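Asker: Please read through the structure below; I'll follow up with questions.
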Amino acid sequence: CGDSDRTPVLVHRISNAVESARAVAEAERQRQRLDAFVRGVSHDLRNPLNVAQGRLELAQSDCDSDHLDHATAAVDRTLELIADLLTLAKQGEKPRELEPVDLSTLADDCWANVETADATLVVDSDRRILADPSRLKQLLENLFRNAVDHGGDDVTVYVGDISPMYTTTRAETVLPSGFFVEDDGPGIPPEDRKRVFKVGYTTEESGTGFGLNIVKEVASAHGWEIAVSEGARGGARFEITGVESDE
């Protein structure tokens, strides 16, 4: 009698597990189809745009015209949007392997890849974290680019460690470890902080609105949390927590 009573419960659990597995499989198929679609469309768009870009360069060498400059800027802008769209399309995928990454070294490398004008980078970290190096690079470069775009050419950007904090009565972690990126620019108004990670959010005319969303997607794919607040110097502070160290 006892076994027969448990049968409906077991059947229900098995059914739920099967449905869950099917949902996961369908979500993965949808993601793969979207990825293939984005890549295909991006490839088809890039070819004629690259041709247009080359023709415009030839035309600019023959004559000087503001119309050509505007057309070139529009083509360059479109190519930037396509590149960001491709990056965004693959960010939700969980990294297959995590590697030990020296945060200080990678931050310096990323800074060299961003147009920083007279901005300054200050890194105070001796931590090696577990991450996908390529995607962590995208996260840092987008945060650096965001700081320079909004903080000005002479902004100072700081990268440092967030150490775990414990209560005095118990050995319970209050704040998980990770790292932060902050600047001494004008900061982000409190009413905008919940919107900055959404696709399309930008306050710059030349911004694509993808940068900070890519940052959030990279963090989420690693299982990290990201939050934005006011930094110690009044600028924007991005905290990435839940990060494992290679110790």
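By order of appearance in the structure tokens: chains A, B, ..., then residues from 1 within every chain, and ligands from 1 in the order shown.
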Need the shell around Val75 in chain A: protein/DNA/RNA residues with any atom at most 9 Å away, counting only C-alpha atoms. Skip same-chain ones fewer than 5 positions apart. Format as a list in words?
Answerer: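 The residues satisfying every condition are Leu49, Asn50, Ala52, Gln53, His70 and Glu80 of chain A.
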Asker: Take the selection from the previous step and output its residues with N, CA, C and O atoms, as a compact mmCIF listing (two decimals), in the first residue's frame.
Answerer:
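Once everything was written out, this is again20.txt:
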```
# COMPACT_ATOMS: atom_id res chain seq x y z
N LEU A 49 29.07 46.54 -46.62
CA LEU A 49 29.56 47.70 -45.86
C LEU A 49 31.06 47.86 -46.01
O LEU A 49 31.57 48.99 -46.10
N ASN A 50 31.79 46.76 -46.03
CA ASN A 50 33.23 46.83 -46.24
C ASN A 50 33.56 47.37 -47.64
O ASN A 50 34.52 48.12 -47.82
N ALA A 52 31.57 49.40 -49.35
CA ALA A 52 31.25 50.83 -49.27
C ALA A 52 32.35 51.60 -48.57
O ALA A 52 32.71 52.72 -48.98
N GLN A 53 32.90 51.01 -47.50
CA GLN A 53 33.97 51.66 -46.76
C GLN A 53 35.18 51.89 -47.64
O GLN A 53 35.79 52.97 -47.65
N HIS A 70 30.58 62.32 -43.63
CA HIS A 70 29.39 61.86 -42.91
C HIS A 70 29.04 60.43 -43.32
O HIS A 70 28.64 59.62 -42.48
N GLU A 80 30.49 49.09 -36.20
CA GLU A 80 30.64 48.99 -34.75
C GLU A 80 29.42 48.32 -34.12
O GLU A 80 29.55 47.48 -33.23
```
Asker: Report as a PyMOL selection string all protein, DNA and RNA residues lying within 9 Å of Ile129 in chain A, evaluated on only C-alpha atoms, omitting residues in the same chain fewer than 4 positions from it.
Answerer: chain A and resi 99-103+178+243-247
Asker: At a cut-off of 8 Å, using only C-alpha atoms, what residues contact Glu182 in chain A? Leave out same-chain residues fewer than 6 positions from it and give the result as an MDAnalysis selection string.
Answerer: chainID A and resid 147 157:159 231 235:238
Asker: Please list as a PyMOL selection string every residue within 9 Å of Thr241 in chain A, counting only C-alpha atoms and excluding residues in the same chain fewer than 4 positions away.
Answerer: chain A and resi 162+175-180+219+224-227
Asker: Using only N, CA and C atoms, please write the residues we just selected to a file, as a PDB file, in the first residue's frame.
Answerer:
```pdb
ATOM      1  N   ILE A 162      37.980  43.275  -4.012  1.00  0.00           N
ATOM      2  CA  ILE A 162      36.956  43.302  -2.969  1.00  0.00           C
ATOM      3  C   ILE A 162      37.180  42.047  -2.131  1.00  0.00           C
ATOM      4  N   LEU A 175      29.940  39.869   2.523  1.00  0.00           N
ATOM      5  CA  LEU A 175      30.148  40.330   1.162  1.00  0.00           C
ATOM      6  C   LEU A 175      31.126  39.392   0.467  1.00  0.00           C
ATOM      7  N   PRO A 176      30.720  38.760  -0.616  1.00  0.00           N
ATOM      8  CA  PRO A 176      31.633  37.835  -1.305  1.00  0.00           C
ATOM      9  C   PRO A 176      32.778  38.589  -1.958  1.00  0.00           C
ATOM     10  N   SER A 177      33.819  37.872  -2.257  1.00  0.00           N
ATOM     11  CA  SER A 177      34.999  38.512  -2.834  1.00  0.00           C
ATOM     12  C   SER A 177      34.802  38.776  -4.318  1.00  0.00           C
ATOM     13  N   GLY A 178      35.646  39.633  -4.852  1.00  0.00           N
ATOM     14  CA  GLY A 178      35.572  39.977  -6.261  1.00  0.00           C
ATOM     15  C   GLY A 178      36.505  41.131  -6.567  1.00  0.00           C
ATOM     16  N   PHE A 179      36.084  41.987  -7.476  1.00  0.00           N
ATOM     17  CA  PHE A 179      36.902  43.158  -7.818  1.00  0.00           C
ATOM     18  C   PHE A 179      35.982  44.305  -8.223  1.00  0.00           C
ATOM     19  N   PHE A 180      36.548  45.494  -8.281  1.00  0.00           N
ATOM     20  CA  PHE A 180      35.761  46.667  -8.665  1.00  0.00           C
ATOM     21  C   PHE A 180      36.494  47.462  -9.740  1.00  0.00           C
ATOM     22  N   ALA A 219      29.386  38.803 -16.863  1.00  0.00           N
ATOM     23  CA  ALA A 219      29.360  38.503 -15.429  1.00  0.00           C
ATOM     24  C   ALA A 219      28.362  37.380 -15.128  1.00  0.00           C
ATOM     25  N   TRP A 224      28.650  35.425 -11.725  1.00  0.00           N
ATOM     26  CA  TRP A 224      29.003  36.555 -10.870  1.00  0.00           C
ATOM     27  C   TRP A 224      27.830  37.518 -10.748  1.00  0.00           C
ATOM     28  N   GLU A 225      27.889  38.359  -9.738  1.00  0.00           N
ATOM     29  CA  GLU A 225      26.928  39.442  -9.554  1.00  0.00           C
ATOM     30  C   GLU A 225      27.623  40.756  -9.882  1.00  0.00           C
ATOM     31  N   ILE A 226      26.873  41.690 -10.468  1.00  0.00           N
ATOM     32  CA  ILE A 226      27.442  42.998 -10.760  1.00  0.00           C
ATOM     33  C   ILE A 226      26.480  44.073 -10.279  1.00  0.00           C
ATOM     34  N   ALA A 227      27.025  45.104  -9.672  1.00  0.00           N
ATOM     35  CA  ALA A 227      26.211  46.201  -9.150  1.00  0.00           C
ATOM     36  C   ALA A 227      26.939  47.514  -9.407  1.00  0.00           C
TER      37      ALA A 227
END
```
Asker: Could you list, as an mmCIF file with C-alpha atoms, in the first residue's frame, every residue within 6 Å of Cys110 in chain A, counting only C-alpha atoms and ignoring same-chain residues fewer than 3 positions away?
Answerer:
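Saved result, out07.cif, follows:
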```cif
data_model
loop_
_atom_site.group_PDB
_atom_site.id
_atom_site.type_symbol
_atom_site.label_atom_id
_atom_site.label_comp_id
_atom_site.auth_asym_id
_atom_site.auth_seq_id
_atom_site.Cartn_x
_atom_site.Cartn_y
_atom_site.Cartn_z
ATOM 1 C CA ALA A 107 43.698 45.115 -16.789
ATOM 2 C CA ASN A 113 43.402 48.259 -26.294
ATOM 3 C CA GLU A 141 37.488 46.863 -21.944
#
```
Asker: Between A:Leu45, A:Val155, A:Ala119, A:His67, which residue has the minimum interatomic distance to Ala83 in chain A, considering only C-alpha atoms?
Answerer: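 Nearest candidate to Ala83 in chain A out of A:Leu45, A:Val155, A:Ala119, A:His67: A:Leu45.
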Asker: Could you name the residues that touch Ala221 in chain A at 12 Å or less, counting only C-alpha atoms, but leaving out those on the same chain fewer than 2 positions away, as a PyMOL selection string?
Answerer: chain A and resi 88+90-98+131-132+135-136+139+214-219+223-226+242-243
